[in-house]
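> One structure follows; several queries about it will come next.
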Amino acid sequence: MKELIVFTNNGQTYHFSDVANFRPTTTGFSFTYTGKATGVTREAVFNNTSTAGYAFADEESERKKTMKELERINKQLEI
């Protein structure tokens with residue numbers, strides 16, 4: 001699963017989970033996502049003129065990094 005954060009020019013931040021099919025378009029980008037609260041899969045489209053930027057994170061990779069760091073801390077505490 002991929003996580004996507006979109007930053008708009010007016011200072012708003014949008015967070016999307018379970019992102020797939022991210023596609024640049026001639027005027028911006030589009031993608032599909034599944035809403036956490038509703039479980040409904042939708043397609044979103046953002047225009048470049050209203051978007052300051054975006055950031056991707058692989059949720060599984062982030063979870064693995066966190067688990068490794070916790071294991072390292074636990075080993076240090078055992079000494």
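Every chain in the structure tokens takes a letter, A first, then B, and so on in the order presented; its residues are numbered from 1, and the ligands are numbered from 1 following the presented order.
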So which residues of chain A fall under strand (DSSP E) by DSSP, listed as a VMD selection string?
chain A and resid 2 to 8 13 to 24 28 to 34 41 to 47 51 to 58
> Would you put the residues from that selection into a file with C-alpha atoms, as a compact mmCIF listing (two decimals), in the first residue's frame?

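Below is the file part.txt, written as the result:
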# COMPACT_ATOMS: atom_id res chain seq x y z
CA LYS A 2 1.13 3.49 -0.74
CA GLU A 3 0.36 6.60 1.23
CA LEU A 4 0.10 9.98 -0.54
CA ILE A 5 0.10 13.45 0.99
CA VAL A 6 -0.93 16.36 -1.24
CA PHE A 7 -0.01 19.95 -0.31
CA THR A 8 -2.13 22.72 -1.83
CA THR A 13 -2.88 19.09 3.33
CA TYR A 14 -4.72 15.99 2.13
CA HIS A 15 -3.74 12.50 3.25
CA PHE A 16 -4.65 9.43 1.17
CA SER A 17 -4.04 5.78 2.04
CA ASP A 18 -4.15 2.69 -0.16
CA VAL A 19 -3.18 4.73 -3.22
CA ALA A 20 -2.86 3.01 -6.60
CA ASN A 21 -2.68 3.98 -10.27
CA PHE A 22 -0.90 7.31 -9.68
CA ARG A 23 -0.71 8.98 -13.10
CA PRO A 24 0.72 12.34 -14.15
CA GLY A 28 -1.79 17.62 -12.90
CA PHE A 29 -2.13 14.07 -11.63
CA SER A 30 -4.75 11.46 -10.79
CA PHE A 31 -4.92 8.31 -8.67
CA THR A 32 -7.30 5.88 -7.01
CA TYR A 33 -7.61 5.46 -3.25
CA THR A 34 -9.81 3.73 -0.71
CA THR A 41 -12.61 3.23 -3.70
CA ARG A 42 -12.57 6.51 -5.61
CA GLU A 43 -10.51 8.31 -8.23
CA ALA A 44 -9.04 11.71 -7.39
CA VAL A 45 -7.72 14.33 -9.79
CA PHE A 46 -5.54 17.31 -8.79
CA ASN A 47 -4.60 20.27 -10.95
CA THR A 51 -1.05 21.95 -5.89
CA ALA A 52 2.19 22.99 -4.21
CA GLY A 53 3.51 19.41 -4.13
CA TYR A 54 3.04 15.86 -2.95
CA ALA A 55 4.87 13.15 -1.04
CA PHE A 56 4.72 9.37 -1.30
CA ALA A 57 5.50 6.80 1.36
CA ASP A 58 5.33 3.04 1.16
> As a PyMOL selection string, please: every residue in range 7-73 of chain A that a backbone DSSP assignment puts in helix (DSSP H, G or I).
chain A and resi 48-50+59-73
> So that I have them on file, write out the residues from the current selection with N, CA and C atoms, as a tab-separated table (two decimals), in the first residue's frame.

chain	number	residue	atom	x	y	z
A	48	ASN	N	-2.28	20.96	-11.29
A	48	ASN	CA	-0.97	21.50	-10.89
A	48	ASN	C	-1.05	22.95	-10.43
A	49	THR	N	-1.98	23.73	-10.94
A	49	THR	CA	-2.03	25.14	-10.56
A	49	THR	C	-2.49	25.34	-9.12
A	50	SER	N	-3.16	24.36	-8.54
A	50	SER	CA	-3.61	24.48	-7.15
A	50	SER	C	-2.82	23.60	-6.19
A	59	GLU	N	3.77	2.43	2.93
A	59	GLU	CA	3.38	2.15	4.31
A	59	GLU	C	4.06	0.89	4.86
A	60	GLU	N	4.24	-0.13	4.04
A	60	GLU	CA	4.88	-1.36	4.49
A	60	GLU	C	6.35	-1.10	4.82
A	61	SER	N	7.03	-0.32	4.00
A	61	SER	CA	8.43	0.00	4.26
A	61	SER	C	8.57	0.79	5.55
A	62	GLU	N	7.67	1.73	5.77
A	62	GLU	CA	7.70	2.53	6.99
A	62	GLU	C	7.46	1.66	8.21
A	63	ARG	N	6.53	0.71	8.10
A	63	ARG	CA	6.25	-0.20	9.22
A	63	ARG	C	7.48	-1.03	9.54
A	64	LYS	N	8.16	-1.54	8.50
A	64	LYS	CA	9.36	-2.35	8.71
A	64	LYS	C	10.47	-1.54	9.36
A	65	LYS	N	10.65	-0.29	8.94
A	65	LYS	CA	11.68	0.57	9.55
A	65	LYS	C	11.38	0.79	11.02
A	66	THR	N	10.12	1.03	11.34
A	66	THR	CA	9.73	1.24	12.73
A	66	THR	C	9.98	0.00	13.57
A	67	MET	N	9.65	-1.17	13.03
A	67	MET	CA	9.87	-2.42	13.77
A	67	MET	C	11.36	-2.66	14.02
A	68	LYS	N	12.21	-2.40	13.03
A	68	LYS	CA	13.65	-2.56	13.19
A	68	LYS	C	14.18	-1.63	14.26
A	69	GLU	N	13.70	-0.39	14.26
A	69	GLU	CA	14.15	0.57	15.26
A	69	GLU	C	13.70	0.14	16.66
A	70	LEU	N	12.50	-0.38	16.79
A	70	LEU	CA	12.03	-0.87	18.09
A	70	LEU	C	12.85	-2.06	18.56
A	71	GLU	N	13.20	-2.95	17.65
A	71	GLU	CA	14.06	-4.10	18.00
A	71	GLU	C	15.42	-3.62	18.49
A	72	ARG	N	15.98	-2.62	17.81
A	72	ARG	CA	17.28	-2.08	18.20
A	72	ARG	C	17.21	-1.47	19.60
A	73	ILE	N	16.15	-0.73	19.87
A	73	ILE	CA	15.99	-0.11	21.18
A	73	ILE	C	15.81	-1.17	22.25
